[in-house]
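Each remark here refers to the structure printed beneath this line.
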Amino acid sequence: MSSAISRNPILIAEGSQVLPATVRHLILDRDGVLNREPEDGSYVRTPEEFEWLPGALEALALLRRAGVRLTVATNQAGVGRGIVSPADLAAVHTHMQAKATAAGGALDAVLVCTHTPEAQCLCRKPAPGLVQTAIARSGIAAAETLLVGDDGRDLEAARRAGVAAALVRTGKGRRTEAQLSGADLVAYDDLLQLARVLAGDEPRAGR
Ligand SMILES: [Mg+2]
Ligand SMILES: [Zn+2]
C-alpha cells in the first residue's frame, strides 16, 4: 500500500473518462503496447520476432519502481489456429519476461487467451475474462486498476470488467483513436508517456 501511486484525479477529456486517482495495478495489452504490432493476420512466433517498442522497457521499470503491479493480458489466437505452438508462445514470453526483468520492469503475471474468435470463449478481448482474472489474481481493487491497450477490443474488455482504460497511440492506437473519435478517450502517445504520468513525473498529458 505504501508504494501505491497517489495523485489528484486528472480530468483529461470532457465526460466521465478519467484515470483512477490511485493506480496500483496496470493491465497491459501486449502487441502494439509493449512490442511492435505484427502485420495484420500474422503473429509473433519466436523471441527474435518480439521487437520492443521504443521506451516500453523503460516504462515497465518506471512503473515497477513506483510500486505498480504489472499484468500482461493478451489475445493470441495464433495458438488456437495452430500457427503458433504453445511451446513457441512460452518461449516468446520467457524471453519477454527475461528482458523486462533485466530492465528492472519484471512482470507480475502474463495472461493469455489462446482461443480463436470462433471458440466464443469468455477470455478473448473484448470479452472481460482476462481482465477479470487479472484483477482477481492481483488482490487489487478494480477501482485502482487501469488497462492500457491499442485496440478498441482492449477498451471494451476493460469497460465490461468495470475498470478504467487508456489508449496508447502505438500499434493500432492511432487507427483506434480515429475510429472512436467522439468517444471519451484517455490517450497517450506511448506507454512511456503514460508511465510518466502515473509515476507523477508528468502532471498531465493525453488527448
Ligand atoms: Mg494490441
Ligand atoms: Zn479465450
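Labels used: A, B, ... for chains in the order of the C-alpha cells, numbers from 1 for residues in each chain, and numbers from 1 for ligands as shown.
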So that I can check the surroundings of Pro117 of chain A, please list as a PyMOL selection string every protein, DNA and RNA residue that reaches within 10 Å of it, counting only C-alpha atoms and ignoring chain neighbours fewer than 3 positions away. chain A and resi 75+77+80-81+114+120-121+124-125
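Taking only segment 28-181 of chain A, the residues that DSSP calls strand (DSSP E) from the backbone come to Leu28, Arg69, Leu70, Thr71, Val72, Ala73, Thr74, Asn75, Ala109, Val110, Leu111, Val112, Cys113, Thr145, Leu146, Leu147, Val148, Gly149, Ala164, Ala165, Ala166, Leu167 and Val168 of chain A.
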Going by DSSP on the backbone, which residues of chain A come out as helix (DSSP H, G or I)? List them as a count of residues only. 75
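Going from atom CA of Ala178 of chain A over to atom CA of Thr74 of chain A, you cover 22.4 Å.
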With a cut-off of 6 Å, could you pull out the residues of chain A touching ligand 1 and give me the nearest pair of atoms for each, distance in Å to one decimal, using only C-alpha atoms and all ligand atoms, ordered by chain and ascending number, as CSV?
```
residue,atom,partner,partner_atom_place_in_ligand_line,distance
A:Asp29,CA,ligand 1,1 (Mg),5.5
A:Arg30,CA,ligand 1,1 (Mg),5.7
A:Asp31,CA,ligand 1,1 (Mg),4.2
A:Gly32,CA,ligand 1,1 (Mg),4.5
A:Gly149,CA,ligand 1,1 (Mg),5.9
A:Asp150,CA,ligand 1,1 (Mg),5.0
A:Asp151,CA,ligand 1,1 (Mg),5.6
```
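Using only C-alpha atoms, the protein and nucleic acid residues lying no more than 10 Å from Tyr188 of chain A, apart from those fewer than 4 places from it along its own chain, are Val148, Ala166, Leu167, Val168, Arg169, Thr170, Gly173, Leu192, Gln193, Leu194, Ala195, Val197, Ala205, Gly206 and Arg207 of chain A.
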Quick one: write out the picked residues with N, CA and C atoms as a PDB file, in the first residue's frame?
```
ATOM      1  N   VAL A 148      -4.321  -0.672 -20.243  1.00  0.00           N
ATOM      2  CA  VAL A 148      -3.786   0.113 -21.353  1.00  0.00           C
ATOM      3  C   VAL A 148      -3.716  -0.774 -22.593  1.00  0.00           C
ATOM      4  N   ALA A 166      -6.936   3.239 -20.766  1.00  0.00           N
ATOM      5  CA  ALA A 166      -6.242   4.284 -21.510  1.00  0.00           C
ATOM      6  C   ALA A 166      -5.773   3.694 -22.831  1.00  0.00           C
ATOM      7  N   LEU A 167      -5.825   4.533 -23.859  1.00  0.00           N
ATOM      8  CA  LEU A 167      -5.362   4.130 -25.185  1.00  0.00           C
ATOM      9  C   LEU A 167      -3.943   4.655 -25.393  1.00  0.00           C
ATOM     10  N   VAL A 168      -3.104   3.858 -26.029  1.00  0.00           N
ATOM     11  CA  VAL A 168      -1.810   4.369 -26.485  1.00  0.00           C
ATOM     12  C   VAL A 168      -1.830   4.436 -28.011  1.00  0.00           C
ATOM     13  N   ARG A 169      -1.099   5.427 -28.542  1.00  0.00           N
ATOM     14  CA  ARG A 169      -1.112   5.667 -29.986  1.00  0.00           C
ATOM     15  C   ARG A 169      -0.024   4.876 -30.705  1.00  0.00           C
ATOM     16  N   THR A 170       0.431   3.817 -30.088  1.00  0.00           N
ATOM     17  CA  THR A 170       1.332   2.882 -30.751  1.00  0.00           C
ATOM     18  C   THR A 170       0.497   1.731 -31.304  1.00  0.00           C
ATOM     19  N   GLY A 173      -3.095   2.024 -32.291  1.00  0.00           N
ATOM     20  CA  GLY A 173      -3.684   3.063 -31.451  1.00  0.00           C
ATOM     21  C   GLY A 173      -4.212   4.268 -32.197  1.00  0.00           C
ATOM     22  N   LEU A 192       5.415   4.849 -22.355  1.00  0.00           N
ATOM     23  CA  LEU A 192       6.320   5.632 -21.515  1.00  0.00           C
ATOM     24  C   LEU A 192       5.667   6.938 -21.071  1.00  0.00           C
ATOM     25  N   GLN A 193       4.930   7.566 -21.983  1.00  0.00           N
ATOM     26  CA  GLN A 193       4.254   8.802 -21.593  1.00  0.00           C
ATOM     27  C   GLN A 193       3.228   8.522 -20.491  1.00  0.00           C
ATOM     28  N   LEU A 194       2.488   7.447 -20.643  1.00  0.00           N
ATOM     29  CA  LEU A 194       1.518   7.076 -19.609  1.00  0.00           C
ATOM     30  C   LEU A 194       2.230   6.762 -18.292  1.00  0.00           C
ATOM     31  N   ALA A 195       3.330   6.029 -18.367  1.00  0.00           N
ATOM     32  CA  ALA A 195       4.064   5.661 -17.153  1.00  0.00           C
ATOM     33  C   ALA A 195       4.545   6.902 -16.414  1.00  0.00           C
ATOM     34  N   VAL A 197       3.198   9.831 -16.440  1.00  0.00           N
ATOM     35  CA  VAL A 197       2.049  10.471 -15.791  1.00  0.00           C
ATOM     36  C   VAL A 197       1.693   9.726 -14.507  1.00  0.00           C
ATOM     37  N   ALA A 205      -1.280  14.846 -19.240  1.00  0.00           N
ATOM     38  CA  ALA A 205      -0.995  14.541 -20.649  1.00  0.00           C
ATOM     39  C   ALA A 205      -2.252  13.977 -21.264  1.00  0.00           C
ATOM     40  N   GLY A 206      -2.115  13.647 -22.523  1.00  0.00           N
ATOM     41  CA  GLY A 206      -3.195  12.960 -23.185  1.00  0.00           C
ATOM     42  C   GLY A 206      -4.073  13.895 -23.973  1.00  0.00           C
ATOM     43  N   ARG A 207      -4.886  13.282 -24.773  1.00  0.00           N
ATOM     44  CA  ARG A 207      -5.853  13.976 -25.624  1.00  0.00           C
ATOM     45  C   ARG A 207      -5.149  14.942 -26.505  1.00  0.00           C
TER      46      ARG A 207
END
```
Near-Cys123 of chain A list (9 Å; only C-alpha atoms; drop same-chain fewer than 4 positions) as an mmCIF file with N, CA and C atoms, in the first residue's frame:
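Written file, result_27.cif:
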```cif
data_model
loop_
_atom_site.group_PDB
_atom_site.id
_atom_site.type_symbol
_atom_site.label_atom_id
_atom_site.label_comp_id
_atom_site.auth_asym_id
_atom_site.auth_seq_id
_atom_site.Cartn_x
_atom_site.Cartn_y
_atom_site.Cartn_z
ATOM 1 N N ASN A 75 -4.498 -11.384 -26.295
ATOM 2 C CA ASN A 75 -5.145 -12.349 -27.196
ATOM 3 C C ASN A 75 -4.073 -12.946 -28.104
ATOM 4 N N VAL A 112 -2.945 -15.106 -21.032
ATOM 5 C CA VAL A 112 -3.116 -15.253 -22.473
ATOM 6 C C VAL A 112 -4.431 -15.942 -22.783
ATOM 7 N N CYS A 113 -5.160 -15.407 -23.745
ATOM 8 C CA CYS A 113 -6.247 -16.152 -24.380
ATOM 9 C C CYS A 113 -5.697 -16.726 -25.672
ATOM 10 N N THR A 114 -5.725 -18.032 -25.798
ATOM 11 C CA THR A 114 -5.198 -18.693 -26.996
ATOM 12 C C THR A 114 -6.313 -19.134 -27.942
ATOM 13 N N HIS A 115 -7.538 -18.749 -27.622
ATOM 14 C CA HIS A 115 -8.672 -19.232 -28.407
ATOM 15 C C HIS A 115 -8.878 -18.405 -29.674
ATOM 16 N N ALA A 127 -14.204 -9.745 -24.711
ATOM 17 C CA ALA A 127 -14.797 -10.355 -23.519
ATOM 18 C C ALA A 127 -13.937 -9.964 -22.308
ATOM 19 N N PRO A 128 -14.541 -9.932 -21.144
ATOM 20 C CA PRO A 128 -13.824 -9.389 -19.981
ATOM 21 C C PRO A 128 -13.031 -10.418 -19.181
ATOM 22 N N GLY A 129 -13.017 -11.694 -19.612
ATOM 23 C CA GLY A 129 -12.453 -12.746 -18.767
ATOM 24 C C GLY A 129 -11.008 -12.540 -18.347
ATOM 25 N N LEU A 130 -10.159 -12.159 -19.297
ATOM 26 C CA LEU A 130 -8.742 -11.973 -18.948
ATOM 27 C C LEU A 130 -8.576 -10.849 -17.935
ATOM 28 N N VAL A 131 -9.328 -9.800 -18.141
ATOM 29 C CA VAL A 131 -9.223 -8.643 -17.240
ATOM 30 C C VAL A 131 -9.733 -9.019 -15.847
ATOM 31 N N GLN A 132 -10.838 -9.759 -15.820
ATOM 32 C CA GLN A 132 -11.378 -10.198 -14.530
ATOM 33 C C GLN A 132 -10.396 -11.112 -13.805
ATOM 34 N N THR A 133 -9.747 -11.997 -14.544
ATOM 35 C CA THR A 133 -8.750 -12.883 -13.927
ATOM 36 C C THR A 133 -7.574 -12.071 -13.387
#
```
Skipping near chain neighbours, those fewer than 5 positions away, what residues fall within 8 Å of Thr71 of chain A using only C-alpha atoms, listed as a list in words? His25, Leu26, Ile27, Leu28, Leu107, Asp108, Ala109, Val110, Leu111 and Ala134 of chain A
Please, what distance in Å, to one decimal, runs between atom CA of Leu19 of chain A and atom CA of His93 of chain A?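 Between atom CA of Leu19 of chain A and atom CA of His93 of chain A the gap works out to 28.5 Å.
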From the list A:Arg160, A:Arg64, A:Arg137, A:Arg175, which residue is nearest Arg196 of chain A when using only C-alpha atoms?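 That would be A:Arg64, the residue with the smallest distance to Arg196 of chain A.
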Proximity check segment 72-166 of chain A to segment 39-55 of chain A, 8 Å, nearest pairs one decimal Å, only C-alpha atoms, as a tab-separated table:
```
residue	atom	partner	partner_atom	distance
A:Gln76	CA	A:Tyr43	CA	7.8
A:Gly78	CA	A:Tyr43	CA	6.3
A:Ile83	CA	A:Tyr43	CA	8.0
A:Val84	CA	A:Arg45	CA	5.8
A:Asp88	CA	A:Arg45	CA	6.0
A:Leu89	CA	A:Arg45	CA	6.6
A:Ala91	CA	A:Pro47	CA	6.7
A:Val92	CA	A:Pro47	CA	4.7
A:His93	CA	A:Pro47	CA	7.9
A:His95	CA	A:Pro47	CA	6.0
A:Met96	CA	A:Pro47	CA	7.7
```
Generate the output file for the selected residues, C-alpha atoms, as a tab-separated table (two decimals), in the first residue's frame.
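Output file result_14.tsv is given in full below:
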```tsv
chain	number	residue	atom	x	y	z
A	76	GLN	CA	-3.02	-14.89	-29.08
A	78	GLY	CA	-2.45	-17.86	-33.44
A	83	ILE	CA	0.06	-21.11	-36.34
A	84	VAL	CA	1.93	-20.64	-33.06
A	88	ASP	CA	6.64	-21.16	-29.19
A	89	LEU	CA	4.41	-18.85	-27.21
A	91	ALA	CA	9.45	-19.20	-25.42
A	92	VAL	CA	8.35	-15.74	-26.54
A	93	HIS	CA	7.00	-14.95	-23.09
A	95	HIS	CA	12.14	-14.02	-23.46
A	96	MET	CA	9.80	-11.07	-22.83
```
Work out how far atom CA of Ala164 of chain A is from atom 1 (Zn, counted along the ligand's line) of ligand 2, in Å to one decimal.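 If I compute the distance from atom 1 (Zn, counted along the ligand's line) of ligand 2 to atom CA of Ala164 of chain A, I get 21.3 Å.
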Which of A:Leu34, A:Ala87, A:Ala100, A:Leu122 sits closest to ligand 2 [using only C-alpha atoms and all ligand atoms]: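 Nearest to ligand 2: A:Leu122.
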Have a look at A:Ser138, A:Thr94, A:Ser85, A:Thr101 and name the one nearest to Leu60 of chain A; count only C-alpha atoms. A:Thr101
